[in-house]
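Source file: entry00.cif; contents: mmCIF, C-alpha atoms.
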data_work
#
loop_
_atom_site.label_atom_id
_atom_site.label_comp_id
_atom_site.auth_asym_id
_atom_site.auth_seq_id
_atom_site.Cartn_x
_atom_site.Cartn_y
_atom_site.Cartn_z
CA LYS A 1 -166.36 106.86 -12.89
CA ASP A 2 -169.94 107.89 -12.25
CA ALA A 3 -172.60 105.37 -11.22
CA LYS A 4 -173.94 105.06 -14.78
CA THR A 5 -170.60 104.38 -16.50
CA PRO A 6 -169.77 100.67 -16.68
CA VAL A 7 -166.50 99.70 -15.02
CA PHE A 8 -166.03 96.95 -17.62
CA GLU A 9 -168.01 95.48 -20.49
CA ASN A 10 -167.93 92.29 -22.57
CA LEU A 11 -165.80 90.43 -20.05
CA THR A 12 -166.06 86.65 -20.17
CA PHE A 13 -163.88 84.17 -18.34
CA GLU A 14 -164.00 80.92 -16.43
CA VAL A 15 -161.72 79.71 -13.66
CA LYS A 16 -161.11 75.97 -13.50
CA ASN A 17 -159.50 73.91 -10.77
CA GLY A 18 -155.74 74.56 -10.71
CA ASP A 19 -155.92 77.76 -12.80
CA ARG A 20 -153.91 80.74 -11.70
CA ILE A 21 -155.52 83.65 -13.53
CA PHE A 22 -153.90 87.09 -13.47
CA ILE A 23 -156.01 90.18 -14.02
CA SER A 24 -153.95 92.76 -15.92
CA GLY A 25 -154.55 96.36 -16.82
CA GLU A 26 -153.82 99.98 -16.05
CA ASN A 27 -154.62 101.44 -12.65
CA GLY A 28 -158.29 102.35 -12.42
CA CYS A 29 -159.45 99.93 -15.15
CA GLY A 30 -161.57 97.83 -12.76
CA LYS A 31 -159.30 95.01 -11.57
CA SER A 32 -160.11 95.44 -7.87
CA SER A 33 -163.76 96.12 -8.74
CA LEU A 34 -163.93 92.77 -10.54
CA ILE A 35 -162.51 91.03 -7.48
CA LYS A 36 -164.99 92.82 -5.22
CA ALA A 37 -167.85 91.82 -7.54
CA ILE A 38 -166.77 88.16 -7.24
CA LEU A 39 -166.53 88.45 -3.45
CA ASP A 40 -169.88 90.26 -3.33
CA ALA A 41 -171.52 87.51 -5.40
CA ASN A 42 -170.01 84.98 -2.98
CA GLN A 43 -171.22 87.11 -0.04
CA GLN A 44 -167.72 87.44 1.45
CA VAL A 45 -167.33 91.21 1.28
CA GLY A 46 -168.96 91.89 4.60
CA GLU A 47 -172.22 93.21 5.87
CA GLY A 48 -174.29 94.82 3.16
CA GLY A 49 -171.92 93.83 0.35
CA LEU A 50 -170.96 96.25 -2.36
CA ASN A 51 -174.21 96.10 -4.32
CA PHE A 52 -172.69 95.79 -7.76
CA GLU A 53 -175.15 95.96 -10.61
CA THR A 54 -174.29 93.37 -13.18
CA GLY A 55 -175.74 93.19 -16.62
CA GLY A 56 -175.16 89.65 -17.76
CA VAL A 57 -174.20 86.75 -15.57
CA LEU A 58 -171.74 86.54 -12.74
CA GLU A 59 -171.85 82.99 -11.44
CA VAL A 60 -170.08 82.24 -8.19
CA SER A 61 -171.08 79.16 -6.21
CA ASP A 62 -172.43 80.03 -2.79
CA THR A 63 -170.56 77.00 -1.42
CA LEU A 64 -167.23 78.21 -2.82
CA ILE A 65 -164.75 78.96 -0.05
CA ILE A 66 -162.55 81.93 -0.94
CA SER A 67 -159.38 83.03 0.81
CA TYR A 68 -158.88 86.72 0.03
CA ILE A 69 -155.87 88.99 0.46
CA ASN A 70 -156.74 92.66 0.26
CA GLN A 71 -154.18 95.36 -0.52
CA ASP A 72 -154.88 96.93 2.89
CA THR A 73 -152.96 95.72 5.96
CA SER A 74 -154.24 98.31 8.46
CA HIS A 75 -156.56 95.79 10.17
CA LEU A 76 -153.59 93.75 11.45
CA LYS A 77 -153.35 94.57 15.15
CA GLY A 78 -152.34 92.74 18.30
CA MET A 79 -150.21 89.66 18.72
CA LEU A 80 -149.74 86.88 16.15
CA LYS A 81 -150.97 84.25 18.61
CA ASP A 82 -154.30 86.09 19.05
CA TYR A 83 -154.59 86.69 15.31
CA SER A 84 -153.95 83.00 14.68
CA ALA A 85 -156.74 82.02 17.09
CA GLU A 86 -159.13 84.57 15.57
CA MET A 87 -158.43 83.28 12.05
CA LYS A 88 -158.66 79.64 13.24
CA LEU A 89 -155.10 78.89 12.11
CA GLU A 90 -152.72 76.52 13.81
CA TYR A 91 -150.24 78.88 15.47
CA THR A 92 -147.14 76.70 15.04
CA LEU A 93 -147.89 76.22 11.33
CA LEU A 94 -148.31 79.97 10.91
CA LEU A 95 -144.95 80.61 12.58
CA SER A 96 -143.29 77.89 10.50
CA LEU A 97 -144.62 79.31 7.24
CA LEU A 98 -143.62 82.83 8.25
CA ARG A 99 -140.09 81.55 8.93
CA GLN A 100 -140.05 80.05 5.40
CA LEU A 101 -140.96 83.53 4.16
CA ASP A 102 -137.84 84.91 5.90
CA PHE A 103 -139.74 86.32 8.88
CA ASP A 104 -137.39 86.98 11.81
CA ARG A 105 -138.31 85.15 15.06
CA THR A 106 -137.98 88.35 17.08
CA GLN A 107 -141.08 89.69 15.32
CA PHE A 108 -143.23 86.92 16.83
CA GLN A 109 -143.05 88.68 20.22
CA LYS A 110 -144.09 92.11 18.90
CA PRO A 111 -147.59 93.47 18.21
CA MET A 112 -148.40 93.57 14.50
CA GLU A 113 -148.77 97.36 14.65
CA GLN A 114 -144.96 97.44 14.89
CA TYR A 115 -144.48 95.32 11.75
CA SER A 116 -143.30 96.81 8.47
CA GLU A 117 -145.72 96.72 5.53
CA GLY A 118 -143.70 93.80 4.08
CA GLN A 119 -144.00 91.85 7.33
CA LYS A 120 -147.75 92.50 7.42
CA LYS A 121 -148.06 91.23 3.82
CA LYS A 122 -146.18 88.08 4.82
CA VAL A 123 -148.70 87.52 7.63
CA LEU A 124 -151.59 87.88 5.16
CA ILE A 125 -149.97 85.57 2.59
CA ALA A 126 -149.12 82.90 5.19
CA SER A 127 -152.64 83.12 6.65
CA SER A 128 -154.20 82.76 3.22
CA LEU A 129 -152.02 79.79 2.33
CA LEU A 130 -152.98 78.08 5.61
CA THR A 131 -156.69 78.66 5.03
CA PRO A 132 -158.37 75.71 3.30
CA ALA A 133 -160.17 77.23 0.32
CA HIS A 134 -161.37 76.39 -3.18
CA LEU A 135 -160.19 79.72 -4.59
CA TYR A 136 -157.47 82.11 -3.48
CA ILE A 137 -157.97 85.72 -4.55
CA TRP A 138 -154.96 87.95 -3.97
CA ASP A 139 -155.05 91.67 -4.77
CA GLU A 140 -151.46 92.91 -5.21
CA PRO A 141 -149.93 90.50 -2.68
CA LEU A 142 -146.32 91.37 -3.52
CA ASN A 143 -146.48 95.04 -2.55
CA TYR A 144 -143.60 95.57 -0.07
CA ILE A 145 -142.36 91.97 -0.52
CA ASP A 146 -138.66 91.32 -1.05
CA ILE A 147 -137.22 89.16 -3.86
CA PHE A 148 -136.37 86.19 -1.60
CA THR A 149 -139.92 86.03 -0.23
CA ARG A 150 -141.39 86.38 -3.73
CA MET A 151 -139.32 83.38 -4.83
CA GLN A 152 -140.50 81.36 -1.80
CA ILE A 153 -144.14 82.22 -2.61
CA GLU A 154 -143.59 81.20 -6.24
CA LYS A 155 -142.18 77.83 -5.12
CA LEU A 156 -145.16 77.18 -2.83
CA ILE A 157 -147.68 78.08 -5.55
CA VAL A 158 -145.91 76.01 -8.22
CA LYS A 159 -145.68 73.04 -5.84
CA TYR A 160 -149.26 73.04 -4.50
CA LYS A 161 -151.03 74.51 -7.57
CA PRO A 162 -153.88 76.32 -5.80
CA THR A 163 -156.71 77.77 -7.87
CA MET A 164 -156.14 81.52 -7.87
CA ILE A 165 -157.19 84.89 -9.22
CA LEU A 166 -154.47 87.50 -8.78
CA VAL A 167 -153.90 91.15 -9.46
CA GLU A 168 -150.15 91.64 -9.50
CA HIS A 169 -147.87 93.88 -11.57
CA ASP A 170 -144.68 91.84 -11.04
CA VAL A 171 -144.02 90.52 -14.57
CA ARG A 172 -141.58 87.79 -13.46
CA PHE A 173 -144.05 86.47 -10.87
CA LYS A 174 -146.81 86.42 -13.49
CA GLU A 175 -144.61 84.63 -16.04
CA THR A 176 -143.67 81.99 -13.47
CA ILE A 177 -147.08 81.04 -12.11
CA ALA A 178 -149.86 82.28 -14.44
CA THR A 179 -151.92 79.75 -16.35
CA GLY A 180 -153.99 82.53 -17.89
CA VAL A 181 -154.32 86.32 -18.09
CA ILE A 182 -157.39 88.54 -18.29
CA ASP A 183 -156.47 91.85 -19.94
CA MET A 184 -158.82 94.64 -18.92
#

Translate the structure of the given file into structure tokens.
Amino acid sequence: KDAKTPVFENLTFEVKNGDRIFISGENGCGKSSLIKAILDANQQVGEGGLNFETGGVLEVSDTLIISYINQDTSHLKGMLKDYSAEMKLEYTLLLSLLRQLDFDRTQFQKPMEQYSEGQKKKVLIASSLLTPAHLYIWDEPLNYIDIFTRMQIEKLIVKYKPTMILVEHDVRFKETIATGVIDM
């Protein structure tokens, strides 16, 4: 769309503690843009932000801690131990959670560049789950994820009930964990 065409209009929603809100809609309807607008308002997009122009109100507390999983895994490089230190995660907990997600121990000794896309997604999911946050925003976390791992993730989410905003096309996953849906 051009810079003058709104990505979305008349969108109103609120996320409360314990909600797991799914954003639904066709490709290109603005799901990822909405997530980026939330991250931008929370100043977690990176230097310079995305400079979204909002007409109306987008309220995101500046003290809100967000754990975000992007669709992109290309930034995962180097060894898990170094990544764990960089992300300030307890290494043994990361390995333990990855094992619960059916991650083979032999992978722990390889650089992440050699991981499959599914293995990289598991690293991002485990890292997010180990990051203390008020809100977890996951953009298509189940891409490349096998059924067993999806079921393990469902169990963890149902058990711990984190507050989440998700973009995910897996209908079964949505039916299992969603407390609300935003149709765009």

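Across the model, the gap from CA of Lys77 in chain A to CA of Met112 in chain A is 5.1 Å.
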
Taking the file as shown, what set of residues would the PyMOL selection byres ((chain A and resi 146) around 12) give back, as a short mmCIF file (atom, residue, chain, number, x, y, z; two decimals) with C-alpha atoms, in the coordinates of the input?
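Just written: selection34.cif:
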data_model
loop_
_atom_site.label_atom_id
_atom_site.label_comp_id
_atom_site.auth_asym_id
_atom_site.auth_seq_id
_atom_site.Cartn_x
_atom_site.Cartn_y
_atom_site.Cartn_z
CA LEU A 101 -140.96 83.53 4.16
CA ASP A 102 -137.84 84.91 5.90
CA PHE A 103 -139.74 86.32 8.88
CA SER A 116 -143.30 96.81 8.47
CA GLU A 117 -145.72 96.72 5.53
CA GLY A 118 -143.70 93.80 4.08
CA GLN A 119 -144.00 91.85 7.33
CA LYS A 121 -148.06 91.23 3.82
CA LYS A 122 -146.18 88.08 4.82
CA PRO A 141 -149.93 90.50 -2.68
CA LEU A 142 -146.32 91.37 -3.52
CA ASN A 143 -146.48 95.04 -2.55
CA TYR A 144 -143.60 95.57 -0.07
CA ILE A 145 -142.36 91.97 -0.52
CA ILE A 147 -137.22 89.16 -3.86
CA PHE A 148 -136.37 86.19 -1.60
CA THR A 149 -139.92 86.03 -0.23
CA ARG A 150 -141.39 86.38 -3.73
CA MET A 151 -139.32 83.38 -4.83
CA GLN A 152 -140.50 81.36 -1.80
CA ILE A 153 -144.14 82.22 -2.61
CA ASP A 170 -144.68 91.84 -11.04
#

Inset, instruction - Apply the PyMOL selection byres ((chain A and resi 137) around 6) to the structure shown and report the selected residues as a PyMOL selection string. - result: chain A and resi 68+136+138+164-166

Keeping only C-alpha atoms, take the residues you just selected and write them out as a PDB file, keeping the file's coordinate frame.
ATOM      1  CA  TYR A  68    -158.880  86.720   0.030  1.00  0.00           C
ATOM      2  CA  TYR A 136    -157.470  82.110  -3.480  1.00  0.00           C
ATOM      3  CA  TRP A 138    -154.960  87.950  -3.970  1.00  0.00           C
ATOM      4  CA  MET A 164    -156.140  81.520  -7.870  1.00  0.00           C
ATOM      5  CA  ILE A 165    -157.190  84.890  -9.220  1.00  0.00           C
ATOM      6  CA  LEU A 166    -154.470  87.500  -8.780  1.00  0.00           C
TER       7      LEU A 166
END

Inset, instruction - Determine the nearest neighbour of Asn17 in chain A from the options A:Leu135, A:Leu97, A:Leu58, A:Cys29, counting all atoms listed in the file. - result: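 The closest residue to Asn17 in chain A is A:Leu135.
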
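A straight line drawn from CA of Gln100 in chain A to CA of Thr73 in chain A is 20.3 Å long.
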
Inset, instruction - To one decimal in Å, tell me the separation between CA of Asp104 in chain A and CA of Val167 in chain A. - result: 27.2 Å

Legend entry - Test item: residues at most 10 Å from Phe22 in chain A, only C-alpha atoms, excluding those fewer than 3 positions along its chain, as an MDAnalysis selection string: chainID A and resid 19 25 31 137:139 164:169 174:175 177:183
